[in-house]
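Note: the block below is model_7.csv and it holds CSV, C-alpha atoms (C1' of nucleotides) and all ligand atoms.
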```csv
chain,number,residue,atom,x,y,z
A,1,MET,CA,11.0,-30.4,9.5
A,2,THR,CA,12.6,-33.8,9.8
A,3,PRO,CA,15.9,-34.5,11.4
A,4,GLN,CA,17.7,-35.1,8.1
A,5,ARG,CA,16.3,-31.8,6.7
A,6,LEU,CA,17.5,-30.0,9.8
A,7,MET,CA,21.0,-31.4,9.5
A,8,ILE,CA,21.1,-30.5,5.8
A,9,VAL,CA,20.1,-26.9,6.6
A,10,GLU,CA,22.6,-26.8,9.4
A,11,ALA,CA,25.4,-28.0,7.1
A,12,VAL,CA,24.6,-25.3,4.5
A,13,GLU,CA,24.3,-22.5,7.2
A,14,ASN,CA,27.5,-23.6,8.9
A,15,SER,CA,29.5,-23.6,5.7
A,16,THR,CA,32.1,-20.8,5.5
A,17,ASN,CA,31.2,-19.9,2.0
A,18,HIS,CA,30.0,-22.3,-0.7
A,19,ILE,CA,29.3,-26.0,-0.2
A,20,GLY,CA,28.7,-28.8,-2.6
A,21,ALA,CA,26.1,-31.6,-2.4
A,22,ASP,CA,28.8,-34.2,-1.7
A,23,GLU,CA,30.2,-32.2,1.2
A,24,ILE,CA,26.8,-31.8,2.7
A,25,TYR,CA,26.1,-35.5,2.3
A,26,SER,CA,29.4,-36.4,4.0
A,27,GLU,CA,28.8,-34.0,6.9
A,28,VAL,CA,25.2,-35.3,7.5
A,29,VAL,CA,26.1,-39.0,7.0
A,30,ALA,CA,28.6,-38.7,9.8
A,31,LYS,CA,26.0,-38.2,12.4
A,32,TYR,CA,23.1,-39.8,10.7
A,33,PRO,CA,24.5,-42.8,8.9
A,34,ASN,CA,21.5,-43.9,6.9
A,35,VAL,CA,20.6,-40.7,5.1
A,36,ASN,CA,20.5,-40.9,1.3
A,37,VAL,CA,22.0,-38.5,-1.2
A,38,SER,CA,18.5,-38.3,-2.8
A,39,THR,CA,17.3,-36.7,0.4
A,40,VAL,CA,20.1,-34.2,0.3
A,41,TYR,CA,19.3,-33.2,-3.3
A,42,ARG,CA,15.6,-33.1,-2.6
A,43,THR,CA,16.0,-30.9,0.4
A,44,LEU,CA,18.4,-28.5,-1.4
A,45,GLU,CA,15.8,-28.2,-4.2
A,46,LEU,CA,13.2,-27.4,-1.6
A,47,LEU,CA,15.3,-24.9,0.2
A,48,GLU,CA,16.0,-23.3,-3.1
A,49,GLN,CA,12.3,-23.0,-3.9
A,50,LEU,CA,11.7,-21.5,-0.5
A,51,GLY,CA,14.3,-18.9,-1.3
A,52,LEU,CA,16.6,-19.9,1.6
A,53,VAL,CA,19.6,-21.1,-0.5
A,54,THR,CA,21.0,-20.4,-3.9
A,55,LYS,CA,22.4,-23.0,-6.3
A,56,THR,CA,25.2,-22.0,-8.6
A,57,ASP,CA,27.1,-23.8,-11.3
A,58,LEU,CA,30.7,-22.7,-11.1
A,59,GLY,CA,31.6,-24.8,-14.1
A,60,GLY,CA,33.6,-27.9,-14.3
A,61,GLY,CA,31.1,-30.0,-12.6
A,62,ARG,CA,31.1,-28.0,-9.4
A,63,VAL,CA,27.6,-27.0,-8.4
A,64,VAL,CA,27.6,-25.2,-5.0
A,65,TYR,CA,25.0,-24.0,-2.6
A,66,HIS,CA,25.0,-20.8,-0.5
A,67,PRO,CA,22.6,-19.6,2.2
A,68,VAL,CA,20.8,-16.5,1.0
A,69,ASP,CA,21.1,-14.7,4.4
A,70,LYS,CA,24.9,-14.6,4.0
A,71,GLY,CA,24.9,-11.9,1.4
A,72,HIS,CA,24.1,-11.8,-2.3
A,73,HIS,CA,26.9,-11.8,-4.8
A,74,HIS,CA,28.1,-13.4,-8.0
A,75,HIS,CA,31.3,-14.9,-9.3
A,76,LEU,CA,33.6,-14.6,-12.2
A,77,VAL,CA,35.0,-18.0,-12.9
A,78,CYS,CA,38.2,-18.3,-14.9
A,79,LYS,CA,38.1,-21.3,-17.3
A,80,GLU,CA,41.9,-21.4,-17.4
A,81,CYS,CA,43.1,-21.3,-13.8
A,82,GLY,CA,39.8,-21.9,-12.0
A,83,ALA,CA,40.1,-18.7,-10.0
A,84,THR,CA,36.8,-17.2,-8.8
A,85,ILE,CA,36.4,-13.4,-8.4
A,86,ASP,CA,33.6,-12.1,-6.2
A,87,LEU,CA,31.3,-9.8,-7.8
A,88,ASP,CA,28.8,-7.4,-6.1
A,89,GLU,CA,25.2,-7.9,-6.8
A,90,SER,CA,24.9,-4.3,-8.2
A,91,VAL,CA,26.9,-5.3,-11.3
A,92,LEU,CA,24.0,-7.4,-12.5
A,93,SER,CA,21.2,-5.3,-11.2
A,94,SER,CA,21.1,-3.1,-14.3
A,95,LEU,CA,20.8,-6.2,-16.5
A,96,LYS,CA,18.0,-7.5,-14.3
A,97,ASP,CA,16.2,-4.2,-14.5
A,98,SER,CA,16.4,-3.9,-18.3
A,99,LEU,CA,15.2,-7.5,-18.7
A,100,LEU,CA,12.2,-6.6,-16.5
A,101,ARG,CA,11.5,-3.4,-18.4
A,102,GLN,CA,12.0,-4.6,-21.9
A,103,TYR,CA,10.7,-8.1,-21.6
A,104,GLN,CA,8.7,-8.1,-18.4
A,105,PHE,CA,10.9,-11.1,-17.5
A,106,VAL,CA,11.8,-11.6,-13.9
A,107,ALA,CA,15.3,-13.0,-14.2
A,108,ASP,CA,16.6,-15.3,-11.5
A,109,LEU,CA,20.0,-13.8,-11.0
A,110,ARG,CA,20.7,-14.3,-7.4
A,111,HIS,CA,24.0,-16.0,-7.4
A,112,LEU,CA,25.5,-16.4,-10.8
A,113,GLY,CA,28.7,-18.0,-12.1
A,114,ILE,CA,30.0,-16.2,-15.1
A,115,GLN,CA,32.6,-18.1,-17.1
A,116,GLY,CA,35.5,-16.4,-18.8
A,117,VAL,CA,39.3,-15.7,-18.6
A,118,CYS,CA,40.8,-13.7,-15.8
A,119,VAL,CA,43.5,-11.0,-16.1
A,120,ASN,CA,46.4,-13.2,-15.1
A,121,CYS,CA,45.6,-15.9,-17.6
A,122,ARG,CA,45.1,-13.4,-20.4
A,123,GLN,CA,48.5,-11.8,-19.7
A,124,HIS,CA,50.3,-15.1,-19.5
A,125,ALA,CA,48.7,-16.1,-22.8
A,126,SER,CA,50.0,-13.0,-24.5
A,127,GLN,CA,53.5,-13.4,-23.0
A,128,LYS,CA,53.7,-16.8,-24.5
A,129,PRO,CA,52.9,-16.1,-28.1
A,130,ALA,CA,55.0,-19.1,-29.3
A,131,GLU,CA,52.8,-21.7,-27.7
A,132,SER,CA,54.1,-24.3,-30.0
A,133,LYS,CA,54.3,-28.0,-28.8
B,1,MET,CA,39.0,-34.4,-39.9
B,2,THR,CA,37.6,-37.9,-39.5
B,3,PRO,CA,34.3,-39.0,-41.1
B,4,GLN,CA,32.6,-39.1,-37.6
B,5,ARG,CA,33.7,-35.5,-36.9
B,6,LEU,CA,32.5,-34.4,-40.3
B,7,MET,CA,29.1,-35.9,-39.7
B,8,ILE,CA,28.8,-34.3,-36.3
B,9,VAL,CA,29.7,-30.9,-37.7
B,10,GLU,CA,27.2,-31.4,-40.5
B,11,ALA,CA,24.4,-32.3,-38.0
B,12,VAL,CA,25.0,-29.1,-36.0
B,13,GLU,CA,25.2,-26.9,-39.1
B,14,ASN,CA,22.0,-28.5,-40.6
B,15,SER,CA,20.0,-28.0,-37.4
B,16,THR,CA,17.3,-25.4,-37.8
B,17,ASN,CA,18.1,-23.8,-34.4
B,18,HIS,CA,19.4,-25.6,-31.3
B,19,ILE,CA,20.3,-29.2,-31.2
B,20,GLY,CA,21.1,-31.5,-28.3
B,21,ALA,CA,23.8,-34.1,-28.0
B,22,ASP,CA,21.3,-36.9,-28.2
B,23,GLU,CA,19.8,-35.6,-31.4
B,24,ILE,CA,23.2,-35.3,-33.0
B,25,TYR,CA,24.0,-38.8,-31.9
B,26,SER,CA,20.8,-40.2,-33.4
B,27,GLU,CA,21.4,-38.4,-36.6
B,28,VAL,CA,25.0,-39.6,-37.0
B,29,VAL,CA,24.4,-43.2,-35.9
B,30,ALA,CA,21.8,-43.5,-38.6
B,31,LYS,CA,24.4,-43.3,-41.4
B,32,TYR,CA,27.4,-44.5,-39.4
B,33,PRO,CA,26.1,-47.2,-37.0
B,34,ASN,CA,29.1,-47.7,-34.9
B,35,VAL,CA,29.9,-44.2,-33.6
B,36,ASN,CA,30.0,-43.7,-29.9
B,37,VAL,CA,28.3,-40.9,-27.9
B,38,SER,CA,31.7,-40.2,-26.4
B,39,THR,CA,32.9,-39.1,-29.8
B,40,VAL,CA,30.0,-36.8,-30.1
B,41,TYR,CA,30.7,-35.1,-26.8
B,42,ARG,CA,34.4,-35.0,-27.5
B,43,THR,CA,33.9,-33.4,-30.9
B,44,LEU,CA,31.4,-30.9,-29.6
B,45,GLU,CA,33.9,-29.9,-26.9
B,46,LEU,CA,36.5,-29.5,-29.6
B,47,LEU,CA,34.2,-27.4,-31.8
B,48,GLU,CA,33.4,-25.2,-28.8
B,49,GLN,CA,37.1,-24.6,-28.1
B,50,LEU,CA,37.7,-23.8,-31.8
B,51,GLY,CA,34.9,-21.2,-31.5
B,52,LEU,CA,32.7,-22.9,-34.1
B,53,VAL,CA,29.8,-23.8,-31.8
B,54,THR,CA,28.3,-22.6,-28.6
B,55,LYS,CA,27.0,-24.7,-25.8
B,56,THR,CA,24.1,-23.5,-23.7
B,57,ASP,CA,22.3,-24.9,-20.7
B,58,LEU,CA,18.7,-24.0,-21.1
B,59,GLY,CA,17.8,-25.6,-17.8
B,60,GLY,CA,16.0,-28.7,-17.0
B,61,GLY,CA,18.7,-31.0,-18.2
B,62,ARG,CA,18.5,-29.5,-21.7
B,63,VAL,CA,22.0,-28.6,-23.0
B,64,VAL,CA,22.0,-27.5,-26.6
B,65,TYR,CA,24.5,-26.6,-29.2
B,66,HIS,CA,24.3,-23.9,-31.8
B,67,PRO,CA,26.7,-23.0,-34.7
B,68,VAL,CA,28.4,-19.6,-34.2
B,69,ASP,CA,27.9,-18.6,-37.8
B,70,LYS,CA,24.2,-18.6,-37.5
B,71,GLY,CA,24.0,-15.5,-35.4
B,72,HIS,CA,24.6,-14.6,-31.8
B,73,HIS,CA,21.8,-14.3,-29.3
B,74,HIS,CA,20.7,-15.3,-25.9
B,75,HIS,CA,17.6,-16.8,-24.3
B,76,LEU,CA,15.3,-16.1,-21.4
B,77,VAL,CA,14.0,-19.4,-20.1
B,78,CYS,CA,10.9,-19.5,-18.1
B,79,LYS,CA,11.1,-21.9,-15.2
B,80,GLU,CA,7.3,-22.2,-15.0
B,81,CYS,CA,6.2,-22.9,-18.5
B,82,GLY,CA,9.5,-23.6,-20.2
B,83,ALA,CA,9.0,-20.9,-22.9
B,84,THR,CA,12.2,-19.4,-24.3
B,85,ILE,CA,12.4,-15.8,-25.4
B,86,ASP,CA,15.1,-14.8,-27.8
B,87,LEU,CA,17.4,-12.0,-26.7
B,88,ASP,CA,19.6,-9.9,-28.8
B,89,GLU,CA,23.3,-10.0,-28.1
B,90,SER,CA,23.3,-6.3,-27.4
B,91,VAL,CA,21.4,-6.7,-24.2
B,92,LEU,CA,24.4,-8.4,-22.6
B,93,SER,CA,27.2,-6.4,-24.3
B,94,SER,CA,27.1,-3.6,-21.7
B,95,LEU,CA,27.6,-6.2,-18.9
B,96,LYS,CA,30.4,-7.8,-20.9
B,97,ASP,CA,32.0,-4.4,-21.3
B,98,SER,CA,31.8,-3.4,-17.6
B,99,LEU,CA,33.2,-6.7,-16.6
B,100,LEU,CA,36.1,-6.1,-18.9
B,101,ARG,CA,36.7,-2.5,-17.7
B,102,GLN,CA,36.2,-3.1,-13.9
B,103,TYR,CA,37.7,-6.5,-13.6
B,104,GLN,CA,39.8,-7.0,-16.7
B,105,PHE,CA,37.7,-10.2,-17.1
B,106,VAL,CA,36.8,-11.5,-20.5
B,107,ALA,CA,33.4,-13.0,-19.9
B,108,ASP,CA,32.3,-15.8,-22.1
B,109,LEU,CA,28.8,-14.6,-22.9
B,110,ARG,CA,28.2,-15.9,-26.4
B,111,HIS,CA,25.0,-17.8,-26.0
B,112,LEU,CA,23.5,-17.5,-22.5
B,113,GLY,CA,20.4,-19.1,-21.0
B,114,ILE,CA,18.9,-16.9,-18.3
B,115,GLN,CA,16.4,-18.5,-16.0
B,116,GLY,CA,13.4,-16.7,-14.6
B,117,VAL,CA,9.7,-16.2,-14.9
B,118,CYS,CA,8.0,-14.9,-18.0
B,119,VAL,CA,5.1,-12.3,-18.3
B,120,ASN,CA,2.4,-14.9,-18.8
B,121,CYS,CA,3.3,-17.0,-15.8
B,122,ARG,CA,3.7,-14.0,-13.6
B,123,GLN,CA,0.2,-12.7,-14.5
B,124,HIS,CA,-1.4,-16.1,-14.0
B,125,ALA,CA,0.2,-16.3,-10.6
B,126,SER,CA,-1.2,-13.0,-9.5
B,127,GLN,CA,-4.7,-13.9,-10.9
B,128,LYS,CA,-4.7,-17.0,-8.8
B,129,PRO,CA,-3.9,-15.6,-5.4
B,130,ALA,CA,-5.7,-18.4,-3.7
B,131,GLU,CA,-3.4,-21.1,-4.9
B,132,SER,CA,-4.6,-23.5,-2.1
B,133,LYS,CA,-5.1,-27.2,-2.8
C,1,DT,C1',-8.5,-43.9,18.8
C,2,DA,C1',-8.7,-46.1,14.3
C,3,DA,C1',-8.8,-45.4,9.5
C,4,DA,C1',-7.6,-42.6,5.7
C,5,DA,C1',-4.8,-39.3,3.4
C,6,DT,C1',-0.6,-36.9,2.9
C,7,DT,C1',4.3,-36.3,3.1
C,8,DC,C1',9.0,-37.9,3.4
C,9,DT,C1',12.4,-41.3,3.0
C,10,DG,C1',15.7,-44.9,1.4
C,11,DC,C1',16.7,-47.7,-2.3
C,12,DG,C1',17.8,-48.9,-6.8
C,13,DA,C1',17.5,-47.7,-11.5
C,14,DA,C1',17.7,-44.1,-15.2
C,15,DT,C1',19.9,-40.0,-17.0
C,16,DA,C1',23.4,-37.1,-19.1
C,17,DT,C1',28.1,-36.5,-19.4
C,18,DT,C1',33.1,-37.4,-18.5
C,19,DT,C1',37.1,-40.3,-18.2
C,20,DG,C1',40.8,-44.1,-18.5
C,21,DC,C1',42.4,-47.3,-21.4
C,22,DA,C1',43.7,-50.2,-25.1
C,23,DA,C1',43.1,-50.8,-30.1
C,24,DC,C1',43.4,-48.4,-34.3
C,25,DA,C1',44.6,-45.1,-37.8
C,26,DA,C1',47.5,-41.6,-39.9
C,27,DC,C1',51.8,-40.1,-40.7
C,28,DA,C1',56.9,-39.2,-40.4
C,29,DA,C1',61.6,-40.9,-40.2
C,30,DG,C1',64.9,-44.3,-40.9
D,1,DC,C1',58.7,-51.4,-46.0
D,2,DT,C1',59.4,-51.1,-40.8
D,3,DT,C1',59.2,-48.7,-37.0
D,4,DG,C1',58.0,-45.1,-33.8
D,5,DT,C1',55.0,-41.2,-32.7
D,6,DT,C1',50.9,-39.0,-32.4
D,7,DG,C1',46.0,-38.3,-32.4
D,8,DT,C1',41.3,-40.5,-32.6
D,9,DT,C1',38.1,-43.9,-31.6
D,10,DG,C1',35.0,-47.4,-29.1
D,11,DC,C1',34.1,-49.4,-25.0
D,12,DA,C1',33.2,-49.8,-20.3
D,13,DA,C1',33.3,-47.7,-16.0
D,14,DA,C1',32.9,-43.5,-13.1
D,15,DT,C1',30.4,-39.2,-12.1
D,16,DA,C1',26.7,-36.2,-10.6
D,17,DT,C1',22.0,-35.8,-10.4
D,18,DT,C1',17.2,-37.2,-11.0
D,19,DC,C1',13.3,-40.3,-10.8
D,20,DG,C1',9.8,-44.0,-9.7
D,21,DC,C1',8.3,-46.7,-6.2
D,22,DA,C1',7.0,-48.9,-2.1
D,23,DG,C1',7.4,-48.5,2.9
D,24,DA,C1',7.7,-45.4,7.1
D,25,DA,C1',6.3,-41.4,9.4
D,26,DT,C1',3.2,-37.9,10.0
D,27,DT,C1',-1.1,-35.4,9.9
D,28,DT,C1',-6.0,-35.3,9.1
D,29,DT,C1',-10.5,-37.0,9.5
D,30,DA,C1',-14.1,-39.6,11.5
E,201,MN,MN,29.0,-17.0,-3.7
E,202,MN,MN,20.1,-19.8,-29.4
E,203,ZN,ZN,42.7,-17.4,-14.7
E,204,ZN,ZN,6.4,-18.8,-18.4
```

Translate this file's structure into C-alpha cells.
Amino acid sequence: MTPQRLMIVEAVENSTNHIGADEIYSEVVAKYPNVNVSTVYRTLELLEQLGLVTKTDLGGGRVVYHPVDKGHHHHLVCKECGATIDLDESVLSSLKDSLLRQYQFVADLRHLGIQGVCVNCRQHASQKPAESK
Amino acid sequence: MTPQRLMIVEAVENSTNHIGADEIYSEVVAKYPNVNVSTVYRTLELLEQLGLVTKTDLGGGRVVYHPVDKGHHHHLVCKECGATIDLDESVLSSLKDSLLRQYQFVADLRHLGIQGVCVNCRQHASQKPAESK
DNA sequence: TAAAATTCTGCGAATATTTGCAACAACAAG
DNA sequence: CTTGTTGTTGCAAATATTCGCAGAATTTTA
C-alpha cells in the first residue's frame, strides 16, 4: 500500500457519489504533485479486481468509479438530456439469475449504465411532432 | 449519399458478423485511398442514429458494428478467456419491459455486450484452488 | 547485511475515438 | 451563370485510456 494508492482510495471513498479518473487525479495531484495518471488508472483497475470499486460507463465519454461499500445500484442514462435515474439492484437480479441458470454465465452486473430515453424527453418529442428545421 | 458513405455501408452489410471501425476503414481505403477515419466514425454514428446499425462494446477495446437487418441478439463476453456467447433478444426483453413499465424509460438494448465469466473459466478456477505462484 | 527478485512508479509513446476548422461539393435562388 | 446556403469531407489536434520500459522502492533470500 503505497502513498499514491492510499490517496487514490481515499479520493474514491470520500466522493459523494460517482467520481471520474480525472477528478481523482486532480485531487491526488494537489497533495502529491508528481503522481502520474497512469498510476491512477492502474490503481483503479486493481481496486476493481479486488472488488472494492465498480467502474461504470455512463455514456458520452464519462466513465465513473464508485466504492462498493456505498451500496449497489444501477443507472438509467438518458441519451437526450443526460439525466441519470437510479435503479435498485433488484431490477437486474432476475436477469443475472437467468443468465446463470440458462448459460452458467456469471454476469458482472454490479453497477450498470443503461442507455435510453427518459419520460420527459419522450413526451417532449411527441409534443413537437413538427420538428422541421 | 456520398461514395465514401456508400462504401462504408457496404462494408458493414457485407461483414459476416461483427466488424470494427478499423476493419471498415481498411476495406474502404483499399478502393478509395484518400478517405479519412473520421468519415468512417461519423458515418457509423449517422447509421446508428438512423437505426441501421448497432454499436456494441464487447470489452477490451473492441467496439464492433452490426447491421440491424441481420438479426437482433446480444452477447455474453467472458473476461477471462474472451469467448463470446450469443444470446437471444428475448432474454433481455423482460428487462426492457419492466424498465418501460416502472420507469417509463425506453432502454436502448438492441445489441448488448454483457461482461462476466463463462462456465469453462469458472470450472478451471475451481479445479485450481491452489493458484499460488 | 548484501545481493537477488519482485513490485510499483513516472514517463513518453501508442491506441481508439472525437472535435474544430477550413476547403469542397451539391444545390437553390436570383 | 453567379451567388449564397447547406451539408460533407480531410486534416490536424484534443481526448481518454492503455502500454512498454527503465529506474526506484520494496521484499526475499542468502
Ligand atoms: Mn451509481
Ligand atoms: Mn452480435
Ligand atoms: Zn431525458
Ligand atoms: Zn471464459

Using only C-alpha atoms (C1' of nucleotides), find the residues of chain B whose closest atom to chain C is at most 12 Å away, then write them as a PyMOL selection string. chain B and resi 1-2+20-22+37-42+45+60-63

Expected file contents, prior selection, C-alpha atoms, as a short mmCIF file (atom, residue, chain, number, x, y, z; two decimals), in the frame of the given file:
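Result written to part36.cif:
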```
data_model
loop_
_atom_site.label_atom_id
_atom_site.label_comp_id
_atom_site.auth_asym_id
_atom_site.auth_seq_id
_atom_site.Cartn_x
_atom_site.Cartn_y
_atom_site.Cartn_z
CA MET B 1 39.00 -34.40 -39.90
CA THR B 2 37.60 -37.90 -39.50
CA GLY B 20 21.10 -31.50 -28.30
CA ALA B 21 23.80 -34.10 -28.00
CA ASP B 22 21.30 -36.90 -28.20
CA VAL B 37 28.30 -40.90 -27.90
CA SER B 38 31.70 -40.20 -26.40
CA THR B 39 32.90 -39.10 -29.80
CA VAL B 40 30.00 -36.80 -30.10
CA TYR B 41 30.70 -35.10 -26.80
CA ARG B 42 34.40 -35.00 -27.50
CA GLU B 45 33.90 -29.90 -26.90
CA GLY B 60 16.00 -28.70 -17.00
CA GLY B 61 18.70 -31.00 -18.20
CA ARG B 62 18.50 -29.50 -21.70
CA VAL B 63 22.00 -28.60 -23.00
#
```

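With all atoms listed in the file as the atoms that count, the set of residues no farther than 8 Å from ligand MN 202 (chain E) is Asn17, His18, Thr56, His66, His72, His73, His74, His75, Asp86 and His111 of chain B.
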
Long-range neighbours of Leu76 of chain A as a VMD selection string, 7 Å cut-off, all atoms listed in the file, 6 positions minimum in chain: chain A and resid 84 to 87 113 to 115

Protein and nucleic acid residues within 7 Å of ligand ZN 203 (chain E) (all atoms listed in the file) as a PyMOL selection string: chain A and resi 78-83+117-121

Looking at B:Gln123, B:Ser26, B:Gln102, B:Asn36, which one is nearest to DC11 of chain D, with distances taken over only C-alpha atoms (C1' of nucleotides)?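 Nearest candidate to DC11 of chain D out of B:Gln123, B:Ser26, B:Gln102, B:Asn36: B:Asn36.
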
Give me the chain A side of the contact with ligand ZN 204 (chain E), cut-off 12 Å, one line per residue showing its nearest atom pair and distance in Å at one decimal, counting all atoms listed in the file, sorted by chain and residue number, as a tab-separated table.
```
residue	atom	partner	partner_atom	distance
A:Tyr103	CA	E:ZN204	ZN	12.0
A:Gln104	CA	E:ZN204	ZN	10.9
A:Phe105	CA	E:ZN204	ZN	9.0
A:Val106	CA	E:ZN204	ZN	10.1
A:Ala107	CA	E:ZN204	ZN	11.4
```

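Restricting the calculation to all atoms listed in the file, the smallest distance between chain B and any of D:DG20, D:DT15, D:DT9, D:DA25 is found for D:DT9.
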
As an exercise, work out the distance from atom CA of Thr16 of chain A to atom C1' of DT17 of chain D in Å and give it to one decimal place.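 We find that atom CA of Thr16 of chain A and atom C1' of DT17 of chain D lie 24.1 Å from each other.
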
Choose the residue, out of A:Thr54, A:Thr43, A:Ser93, A:Asn34, that has the smallest atom-to-atom separation from Arg5 of chain A; count all atoms listed in the file.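 Counting all atoms listed in the file, the residue closest to Arg5 of chain A is A:Thr43.
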
Point-to-point distance in Å for atom CA of Leu47 of chain B and atom CA of Ser98 of chain B: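 Pair atom CA of Ser98 of chain B / atom CA of Leu47 of chain B returns 28.0 Å.
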